[in-house]
Structures are given as C-alpha cells and as structure tokens.
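Asks: Next up, protein.pdb (PDB, C-alpha atoms).
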ATOM      1  CA  MET A   1      27.355 -59.890  56.529  1.00  0.00           C
ATOM      2  CA  THR A   2      30.245 -62.335  56.925  1.00  0.00           C
ATOM      3  CA  CYS A   3      29.810 -63.523  53.347  1.00  0.00           C
ATOM      4  CA  ASN A   4      30.117 -59.938  52.092  1.00  0.00           C
ATOM      5  CA  ARG A   5      33.327 -59.432  54.068  1.00  0.00           C
ATOM      6  CA  ILE A   6      34.808 -62.606  52.579  1.00  0.00           C
ATOM      7  CA  ILE A   7      33.926 -61.483  49.054  1.00  0.00           C
ATOM      8  CA  ILE A   8      35.413 -58.033  49.680  1.00  0.00           C
ATOM      9  CA  ALA A   9      38.579 -59.582  51.140  1.00  0.00           C
ATOM     10  CA  LEU A  10      38.916 -61.932  48.164  1.00  0.00           C
ATOM     11  CA  ALA A  11      38.397 -59.067  45.727  1.00  0.00           C
ATOM     12  CA  ALA A  12      41.061 -57.013  47.518  1.00  0.00           C
ATOM     13  CA  CYS A  13      43.513 -59.929  47.403  1.00  0.00           C
ATOM     14  CA  LEU A  14      42.903 -60.438  43.704  1.00  0.00           C
ATOM     15  CA  ALA A  15      43.413 -56.729  43.041  1.00  0.00           C
ATOM     16  CA  VAL A  16      46.723 -56.783  44.922  1.00  0.00           C
ATOM     17  CA  LEU A  17      47.864 -59.901  43.059  1.00  0.00           C
ATOM     18  CA  ASP A  18      46.890 -58.393  39.699  1.00  0.00           C
ATOM     19  CA  PHE A  19      48.742 -55.150  40.533  1.00  0.00           C
ATOM     20  CA  GLY A  20      51.848 -57.123  41.483  1.00  0.00           C
ATOM     21  CA  HIS A  21      51.653 -59.070  38.232  1.00  0.00           C
ATOM     22  CA  SER A  22      51.221 -55.858  36.209  1.00  0.00           C
ATOM     23  CA  ALA A  23      54.224 -54.270  37.923  1.00  0.00           C
ATOM     24  CA  ALA A  24      56.358 -57.345  37.230  1.00  0.00           C
ATOM     25  CA  VAL A  25      55.341 -57.348  33.562  1.00  0.00           C
ATOM     26  CA  ALA A  26      56.102 -53.627  33.266  1.00  0.00           C
ATOM     27  CA  GLN A  27      59.543 -54.098  34.807  1.00  0.00           C
ATOM     28  CA  THR A  28      60.450 -56.939  32.469  1.00  0.00           C
ATOM     29  CA  SER A  29      59.074 -55.483  29.241  1.00  0.00           C
ATOM     30  CA  THR A  30      61.581 -54.950  26.467  1.00  0.00           C
ATOM     31  CA  GLY A  31      62.434 -51.725  24.720  1.00  0.00           C
ATOM     32  CA  ALA A  32      61.073 -50.542  21.404  1.00  0.00           C
ATOM     33  CA  PHE A  33      64.414 -50.856  19.584  1.00  0.00           C
ATOM     34  CA  THR A  34      67.674 -52.793  19.726  1.00  0.00           C
ATOM     35  CA  ASP A  35      71.198 -51.769  20.677  1.00  0.00           C
ATOM     36  CA  ALA A  36      72.255 -52.843  17.172  1.00  0.00           C
ATOM     37  CA  GLN A  37      69.883 -50.220  15.751  1.00  0.00           C
ATOM     38  CA  VAL A  38      71.373 -47.573  18.026  1.00  0.00           C
ATOM     39  CA  ASP A  39      74.864 -48.481  16.821  1.00  0.00           C
ATOM     40  CA  ALA A  40      73.682 -48.471  13.199  1.00  0.00           C
ATOM     41  CA  GLY A  41      72.113 -45.030  13.707  1.00  0.00           C
ATOM     42  CA  ARG A  42      75.377 -43.364  14.685  1.00  0.00           C
ATOM     43  CA  ALA A  43      76.824 -43.158  11.147  1.00  0.00           C
ATOM     44  CA  PRO A  44      73.765 -41.717   9.380  1.00  0.00           C
ATOM     45  CA  TYR A  45      73.139 -39.351  12.297  1.00  0.00           C
ATOM     46  CA  SER A  46      76.723 -38.147  12.086  1.00  0.00           C
ATOM     47  CA  SER A  47      76.506 -37.739   8.296  1.00  0.00           C
ATOM     48  CA  TYR A  48      73.045 -36.207   7.955  1.00  0.00           C
ATOM     49  CA  CYS A  49      71.933 -34.771  11.307  1.00  0.00           C
ATOM     50  CA  ALA A  50      74.867 -33.729  13.493  1.00  0.00           C
ATOM     51  CA  SER A  51      75.763 -30.606  11.525  1.00  0.00           C
ATOM     52  CA  CYS A  52      72.432 -29.054  12.543  1.00  0.00           C
ATOM     53  CA  HIS A  53      71.381 -30.925  15.682  1.00  0.00           C
ATOM     54  CA  GLY A  54      74.879 -31.330  17.147  1.00  0.00           C
ATOM     55  CA  ALA A  55      77.062 -34.368  17.579  1.00  0.00           C
ATOM     56  CA  ASP A  56      75.642 -34.741  21.108  1.00  0.00           C
ATOM     57  CA  LEU A  57      72.019 -34.152  19.925  1.00  0.00           C
ATOM     58  CA  ASN A  58      71.864 -30.915  21.982  1.00  0.00           C
ATOM     59  CA  GLY A  59      70.973 -28.732  18.996  1.00  0.00           C
ATOM     60  CA  THR A  60      72.868 -25.861  17.425  1.00  0.00           C
ATOM     61  CA  GLY A  61      71.760 -22.309  16.784  1.00  0.00           C
ATOM     62  CA  HIS A  62      68.227 -22.420  15.398  1.00  0.00           C
ATOM     63  CA  PHE A  63      68.085 -26.206  15.221  1.00  0.00           C
ATOM     64  CA  PRO A  64      66.348 -27.961  18.123  1.00  0.00           C
ATOM     65  CA  ALA A  65      67.872 -30.392  20.556  1.00  0.00           C
ATOM     66  CA  LEU A  66      66.885 -34.019  20.116  1.00  0.00           C
ATOM     67  CA  VAL A  67      67.653 -34.813  23.741  1.00  0.00           C
ATOM     68  CA  GLY A  68      66.580 -33.504  27.130  1.00  0.00           C
ATOM     69  CA  THR A  69      63.554 -31.817  28.609  1.00  0.00           C
ATOM     70  CA  ALA A  70      62.701 -29.752  25.531  1.00  0.00           C
ATOM     71  CA  PHE A  71      62.645 -32.879  23.351  1.00  0.00           C
ATOM     72  CA  VAL A  72      60.632 -34.886  25.883  1.00  0.00           C
ATOM     73  CA  GLY A  73      58.233 -31.963  26.321  1.00  0.00           C
ATOM     74  CA  GLU A  74      57.656 -31.809  22.578  1.00  0.00           C
ATOM     75  CA  TRP A  75      57.622 -35.534  21.809  1.00  0.00           C
ATOM     76  CA  GLY A  76      56.782 -37.380  25.041  1.00  0.00           C
ATOM     77  CA  SER A  77      53.051 -37.469  24.340  1.00  0.00           C
ATOM     78  CA  ARG A  78      53.597 -38.689  20.778  1.00  0.00           C
ATOM     79  CA  THR A  79      54.483 -42.100  19.391  1.00  0.00           C
ATOM     80  CA  THR A  80      57.683 -43.458  17.906  1.00  0.00           C
ATOM     81  CA  LYS A  81      55.812 -43.728  14.600  1.00  0.00           C
ATOM     82  CA  GLU A  82      55.051 -39.997  14.688  1.00  0.00           C
ATOM     83  CA  LEU A  83      58.721 -39.216  15.378  1.00  0.00           C
ATOM     84  CA  TYR A  84      59.825 -41.568  12.608  1.00  0.00           C
ATOM     85  CA  GLU A  85      57.372 -39.985  10.132  1.00  0.00           C
ATOM     86  CA  LYS A  86      58.376 -36.437  11.117  1.00  0.00           C
ATOM     87  CA  ILE A  87      62.060 -37.193  10.587  1.00  0.00           C
ATOM     88  CA  ARG A  88      61.461 -39.131   7.360  1.00  0.00           C
ATOM     89  CA  GLY A  89      59.169 -36.411   5.997  1.00  0.00           C
ATOM     90  CA  THR A  90      61.445 -33.462   6.783  1.00  0.00           C
ATOM     91  CA  MET A  91      65.041 -34.661   7.126  1.00  0.00           C
ATOM     92  CA  PRO A  92      67.753 -34.363   6.082  1.00  0.00           C
ATOM     93  CA  PHE A  93      67.181 -30.699   5.358  1.00  0.00           C
ATOM     94  CA  CYS A  94      66.501 -30.232   1.615  1.00  0.00           C
ATOM     95  CA  ALA A  95      66.629 -34.029   1.093  1.00  0.00           C
ATOM     96  CA  ALA A  96      63.644 -35.367   3.025  1.00  0.00           C
ATOM     97  CA  GLY A  97      62.993 -39.060   2.495  1.00  0.00           C
ATOM     98  CA  SER A  98      66.402 -39.687   0.958  1.00  0.00           C
ATOM     99  CA  LEU A  99      67.558 -42.212   3.567  1.00  0.00           C
ATOM    100  CA  SER A 100      66.449 -45.826   3.804  1.00  0.00           C
ATOM    101  CA  ASP A 101      63.694 -46.901   6.200  1.00  0.00           C
ATOM    102  CA  THR A 102      66.374 -48.777   8.143  1.00  0.00           C
ATOM    103  CA  GLU A 103      68.496 -45.632   8.510  1.00  0.00           C
ATOM    104  CA  TYR A 104      65.525 -43.569   9.691  1.00  0.00           C
ATOM    105  CA  ALA A 105      64.527 -46.249  12.225  1.00  0.00           C
ATOM    106  CA  SER A 106      68.125 -46.431  13.456  1.00  0.00           C
ATOM    107  CA  ILE A 107      68.290 -42.657  13.913  1.00  0.00           C
ATOM    108  CA  VAL A 108      65.042 -42.750  15.912  1.00  0.00           C
ATOM    109  CA  ALA A 109      66.511 -45.574  18.038  1.00  0.00           C
ATOM    110  CA  LEU A 110      69.617 -43.453  18.672  1.00  0.00           C
ATOM    111  CA  ILE A 111      67.480 -40.480  19.715  1.00  0.00           C
ATOM    112  CA  LEU A 112      65.416 -42.633  22.071  1.00  0.00           C
ATOM    113  CA  LYS A 113      68.493 -44.277  23.623  1.00  0.00           C
ATOM    114  CA  THR A 114      70.175 -40.901  24.100  1.00  0.00           C
ATOM    115  CA  ASN A 115      67.063 -39.769  25.961  1.00  0.00           C
ATOM    116  CA  GLY A 116      67.324 -42.692  28.372  1.00  0.00           C
ATOM    117  CA  ALA A 117      65.161 -45.388  26.797  1.00  0.00           C
ATOM    118  CA  LYS A 118      66.367 -48.939  27.221  1.00  0.00           C
ATOM    119  CA  ALA A 119      66.933 -51.187  24.244  1.00  0.00           C
ATOM    120  CA  GLY A 120      65.144 -54.495  23.930  1.00  0.00           C
ATOM    121  CA  GLY A 121      65.134 -57.519  21.700  1.00  0.00           C
ATOM    122  CA  GLU A 122      62.794 -56.302  18.964  1.00  0.00           C
ATOM    123  CA  PRO A 123      63.884 -53.757  16.357  1.00  0.00           C
ATOM    124  CA  LEU A 124      62.023 -50.500  15.875  1.00  0.00           C
ATOM    125  CA  THR A 125      60.059 -50.423  12.634  1.00  0.00           C
ATOM    126  CA  SER A 126      58.242 -47.654  10.803  1.00  0.00           C
ATOM    127  CA  ASP A 127      54.940 -49.224  11.919  1.00  0.00           C
ATOM    128  CA  ALA A 128      55.780 -49.408  15.636  1.00  0.00           C
ATOM    129  CA  SER A 129      53.906 -46.862  17.692  1.00  0.00           C
ATOM    130  CA  PRO A 130      54.586 -46.990  21.423  1.00  0.00           C
ATOM    131  CA  MET A 131      54.172 -43.715  23.297  1.00  0.00           C
ATOM    132  CA  ILE A 132      57.594 -42.095  23.654  1.00  0.00           C
ATOM    133  CA  SER A 133      57.056 -41.111  27.293  1.00  0.00           C
ATOM    134  CA  ALA A 134      56.249 -44.744  28.120  1.00  0.00           C
ATOM    135  CA  ILE A 135      59.568 -46.046  26.801  1.00  0.00           C
ATOM    136  CA  LEU A 136      61.632 -43.243  28.351  1.00  0.00           C
ATOM    137  CA  LYS A 137      60.714 -44.420  31.868  1.00  0.00           C
TER     138      LYS A 137
END
Can you turn what I pasted into structure tokens?

Replies:
Amino acid sequence: MTCNRIIIALAACLAVLDFGHSAAVAQTSTGAFTDAQVDAGRAPYSSYCASCHGADLNGTGHFPALVGTAFVGEWGSRTTKELYEKIRGTMPFCAAGSLSDTEYASIVALILKTNGAKAGGEPLTSDASPMISAILK
C-alpha cells in the first residue's frame, strides 16, 4: 500500500511540474506576426479597406467590423490562414487578389493586433495557421 501511495504522489508531482512548465511556455510564446507587419499593413488597409470597413476597423453601413466581439465571434474558431485566404480571395471589393501576399499578410496582422493579439518575432505568412482565438488571448 505504501508503494502505491509513493507512486501516486510522484505522479501528482510530475503532473504539477508539467502543468507549471506548460503555463510558462504559454506565457512566453511569441505572436503570430510582427509589429513591423502591423505598421506595414496600415497603408494598404487605409487605401483598400478603410472606405468600407472604417478607418478604425469598426465597419460602415453594410460592411462588417473587423474588430470586436462580432469579428471574434465570426473568426475566433478559424485560423489566420483562413482569414488570409478569405481576404485575399474577396478583397479589395471588385479587385480580389490584386494586392501582394505581403500586403495581405500585413493587413491580417493589423486586424489581429487591433483585436488585441500581441506581436512576436516571426512574421505572419500565408501558410501560417494558428487558431485566431488562441492568439487573441
């Protein structure tokens, strides 16, 4: 019986240590984009997106907001790749796909940052696919 208690106690200690390690890793993980991308996204957003989605990303008229609870509700369970592909495949209105991959990635970075995501050291690419809700925490 004593041997079983020791094994259970060791297992519990290991679980606690592993949880602590996981929490530390989660707190120190980097964002899915860089601040330089956010800055680079401001000009194309202003030129190609703001007239419909608003300079503050809050939407205008029939055009949806790209920030706030409605955006997170729509996109939180999707990936950055899905957002990138949606924007690239449909925007700018009547000129879908007309921007460079870099401009689209920078616009996505701007949207994510405006929604509270933290920048990191690695740039967002069209192939990146973290869950949006995970990087907005």

Asks: Taking only C-alpha atoms into account, which of A:Ala50, A:Ile135, A:Ala40, A:Cys94 comes nearest Trp75 of chain A?

Replies: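 Closest candidate: A:Ile135.
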
Asks: Using all atoms listed in the file, which residue out of A:Ser77, A:Glu82, A:Pro92, A:Thr125 lies closest to His53 of chain A?

Replies: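 Using all atoms listed in the file, His53 of chain A sits closest to A:Pro92.
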
Asks: Using only C-alpha atoms for the distances, tell me which of A:Asn115, A:Thr102, A:Ser47, A:Ser129 is nearest to Val72 of chain A.

Replies: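 When distances to Val72 of chain A are compared using only C-alpha atoms, the smallest one comes from A:Asn115.
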
Asks: Between atom CA of Ile87 of chain A and atom CA of His62 of chain A, what is the spacing in Å?

Replies: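 About the pair atom CA of His62 of chain A and atom CA of Ile87 of chain A: they are 16.7 Å apart.
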
Asks: Looking at A:Glu122, A:Pro44, A:Ala32, A:Asp56, which one is nearest to Ser98 of chain A, with distances taken over only C-alpha atoms?

Replies: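 Closest residue, counting only C-alpha atoms: A:Pro44.
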
Asks: To one decimal place in Å, what is the distance between atom CA of Gly76 of chain A and atom CA of Met131 of chain A?

Replies: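 Going from atom CA of Gly76 of chain A over to atom CA of Met131 of chain A covers 7.1 Å.
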
Asks: Could you tell me how far atom CA of Leu83 of chain A lies from atom CA of Ser51 of chain A, in Å and to one decimal?

Replies: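 Separation of atom CA of Leu83 of chain A and atom CA of Ser51 of chain A: 19.5 Å.
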
Asks: Can you pull out every residue within 9 Å of Tyr45 of chain A, counting only C-alpha atoms, but drop anything in the same chain fewer than 4 positions away, and send it as a list in words?

Replies: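 Listed by chain and then number, they are Gly41, Cys49, Ala50, Ala55, Glu103, Ser106, Ile107 and Leu110 of chain A.
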
Asks: In the coordinate frame of the file, compute which residues have an atom within 6 Å of (59.6, -45.6, 11.2) when using all atoms listed in the file, and state them as a ChimeraX atom specification.

Replies: /A:81,84,105,125-127

Asks: Once you've located segment 84-129 of chain A in the structure I gave, write it as a CSV table (one decimal), in the first residue's frame, keeping N, CA and C atoms.

Replies:
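This is the output file result27.csv:
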chain,number,residue,atom,x,y,z
A,84,TYR,N,-6.6,35.0,-43.9
A,84,TYR,CA,-5.8,35.5,-45.0
A,84,TYR,C,-6.4,35.1,-46.4
A,85,GLU,N,-6.8,33.8,-46.5
A,85,GLU,CA,-7.4,33.4,-47.8
A,85,GLU,C,-8.7,34.0,-48.1
A,86,LYS,N,-9.6,34.3,-47.1
A,86,LYS,CA,-10.8,35.0,-47.3
A,86,LYS,C,-10.6,36.4,-47.8
A,87,ILE,N,-9.7,37.1,-47.1
A,87,ILE,CA,-9.4,38.5,-47.6
A,87,ILE,C,-8.8,38.5,-49.0
A,88,ARG,N,-7.8,37.6,-49.2
A,88,ARG,CA,-7.1,37.6,-50.5
A,88,ARG,C,-8.1,37.2,-51.6
A,89,GLY,N,-9.0,36.3,-51.3
A,89,GLY,CA,-10.0,35.8,-52.3
A,89,GLY,C,-11.2,36.7,-52.6
A,90,THR,N,-11.4,37.7,-51.7
A,90,THR,CA,-12.6,38.6,-51.9
A,90,THR,C,-12.3,40.1,-51.8
A,91,MET,N,-11.1,40.5,-51.4
A,91,MET,CA,-10.8,41.9,-51.2
A,91,MET,C,-9.6,42.3,-52.0
A,92,PRO,N,-9.5,43.6,-52.4
A,92,PRO,CA,-10.5,44.6,-52.2
A,92,PRO,C,-11.7,44.3,-53.1
A,93,PHE,N,-12.8,44.9,-52.8
A,93,PHE,CA,-14.1,44.7,-53.5
A,93,PHE,C,-13.8,45.0,-55.0
A,94,CYS,N,-14.2,44.1,-55.8
A,94,CYS,CA,-14.1,44.1,-57.3
A,94,CYS,C,-12.6,44.1,-57.8
A,95,ALA,N,-11.7,43.7,-56.9
A,95,ALA,CA,-10.3,43.6,-57.3
A,95,ALA,C,-9.6,42.5,-56.4
A,96,ALA,N,-10.3,41.5,-56.1
A,96,ALA,CA,-9.8,40.4,-55.3
A,96,ALA,C,-8.5,39.9,-55.8
A,97,GLY,N,-7.5,39.7,-54.9
A,97,GLY,CA,-6.2,39.1,-55.3
A,97,GLY,C,-5.3,40.1,-55.9
A,98,SER,N,-5.6,41.4,-55.9
A,98,SER,CA,-4.8,42.4,-56.6
A,98,SER,C,-3.6,42.9,-55.8
A,99,LEU,N,-3.6,42.6,-54.5
A,99,LEU,CA,-2.5,43.0,-53.6
A,99,LEU,C,-1.5,42.0,-53.5
A,100,SER,N,-0.3,42.3,-53.1
A,100,SER,CA,0.8,41.3,-52.9
A,100,SER,C,0.5,40.4,-51.7
A,101,ASP,N,1.1,39.3,-51.6
A,101,ASP,CA,1.0,38.4,-50.5
A,101,ASP,C,1.4,39.1,-49.2
A,102,THR,N,2.5,39.9,-49.3
A,102,THR,CA,3.0,40.7,-48.2
A,102,THR,C,2.0,41.7,-47.7
A,103,GLU,N,1.3,42.4,-48.6
A,103,GLU,CA,0.3,43.3,-48.2
A,103,GLU,C,-0.9,42.6,-47.5
A,104,TYR,N,-1.3,41.5,-48.1
A,104,TYR,CA,-2.4,40.8,-47.4
A,104,TYR,C,-2.0,40.3,-46.0
A,105,ALA,N,-0.8,39.8,-45.9
A,105,ALA,CA,-0.4,39.3,-44.6
A,105,ALA,C,-0.3,40.5,-43.6
A,106,SER,N,0.1,41.6,-44.1
A,106,SER,CA,0.2,42.8,-43.2
A,106,SER,C,-1.1,43.3,-42.8
A,107,ILE,N,-2.1,43.2,-43.6
A,107,ILE,CA,-3.5,43.6,-43.3
A,107,ILE,C,-4.0,42.7,-42.2
A,108,VAL,N,-3.8,41.4,-42.4
A,108,VAL,CA,-4.2,40.4,-41.4
A,108,VAL,C,-3.6,40.7,-40.1
A,109,ALA,N,-2.3,41.0,-40.1
A,109,ALA,CA,-1.5,41.3,-38.9
A,109,ALA,C,-2.2,42.5,-38.2
A,110,LEU,N,-2.5,43.6,-39.0
A,110,LEU,CA,-3.2,44.8,-38.4
A,110,LEU,C,-4.5,44.4,-37.8
A,111,ILE,N,-5.3,43.6,-38.4
A,111,ILE,CA,-6.6,43.2,-37.9
A,111,ILE,C,-6.4,42.4,-36.6
A,112,LEU,N,-5.4,41.5,-36.5
A,112,LEU,CA,-5.2,40.7,-35.3
A,112,LEU,C,-4.7,41.6,-34.2
A,113,LYS,N,-3.8,42.5,-34.5
A,113,LYS,CA,-3.3,43.5,-33.5
A,113,LYS,C,-4.4,44.4,-32.9
A,114,THR,N,-5.2,44.8,-33.8
A,114,THR,CA,-6.3,45.7,-33.4
A,114,THR,C,-7.3,45.0,-32.5
A,115,ASN,N,-7.4,43.7,-32.7
A,115,ASN,CA,-8.2,42.8,-31.8
A,115,ASN,C,-7.6,42.4,-30.5
A,116,GLY,N,-6.4,42.9,-30.3
A,116,GLY,CA,-5.7,42.6,-29.0
A,116,GLY,C,-4.6,41.5,-29.0
A,117,ALA,N,-4.3,40.9,-30.2
A,117,ALA,CA,-3.2,40.0,-30.3
A,117,ALA,C,-1.9,40.7,-30.1
A,118,LYS,N,-1.0,40.0,-29.5
A,118,LYS,CA,0.4,40.5,-29.3
A,118,LYS,C,1.3,40.1,-30.4
A,119,ALA,N,2.1,41.0,-30.9
A,119,ALA,CA,3.1,40.7,-31.9
A,119,ALA,C,4.2,39.9,-31.3
A,120,GLY,N,4.9,39.2,-32.2
A,120,GLY,CA,6.1,38.4,-31.8
A,120,GLY,C,7.2,38.6,-32.7
A,121,GLY,N,8.1,37.7,-32.8
A,121,GLY,CA,9.3,37.8,-33.6
A,121,GLY,C,9.3,37.2,-35.0
A,122,GLU,N,8.2,36.4,-35.2
A,122,GLU,CA,8.1,35.8,-36.5
A,122,GLU,C,7.0,36.4,-37.3
A,123,PRO,N,7.3,36.7,-38.6
A,123,PRO,CA,6.2,37.3,-39.4
A,123,PRO,C,5.1,36.3,-39.8
A,124,LEU,N,3.9,36.8,-40.0
A,124,LEU,CA,2.8,36.1,-40.4
A,124,LEU,C,3.0,35.7,-41.9
A,125,THR,N,2.8,34.5,-42.3
A,125,THR,CA,2.9,34.2,-43.7
A,125,THR,C,1.5,33.6,-44.2
A,126,SER,N,1.3,33.4,-45.5
A,126,SER,CA,0.1,32.9,-46.0
A,126,SER,C,-0.1,31.4,-45.6
A,127,ASP,N,1.0,30.7,-45.2
A,127,ASP,CA,0.9,29.3,-44.8
A,127,ASP,C,0.7,29.2,-43.3
A,128,ALA,N,0.9,30.2,-42.5
A,128,ALA,CA,0.7,30.1,-41.0
A,128,ALA,C,-0.8,29.8,-40.7
A,129,SER,N,-1.0,29.0,-39.7
A,129,SER,CA,-2.4,28.7,-39.4
A,129,SER,C,-2.8,28.5,-37.9
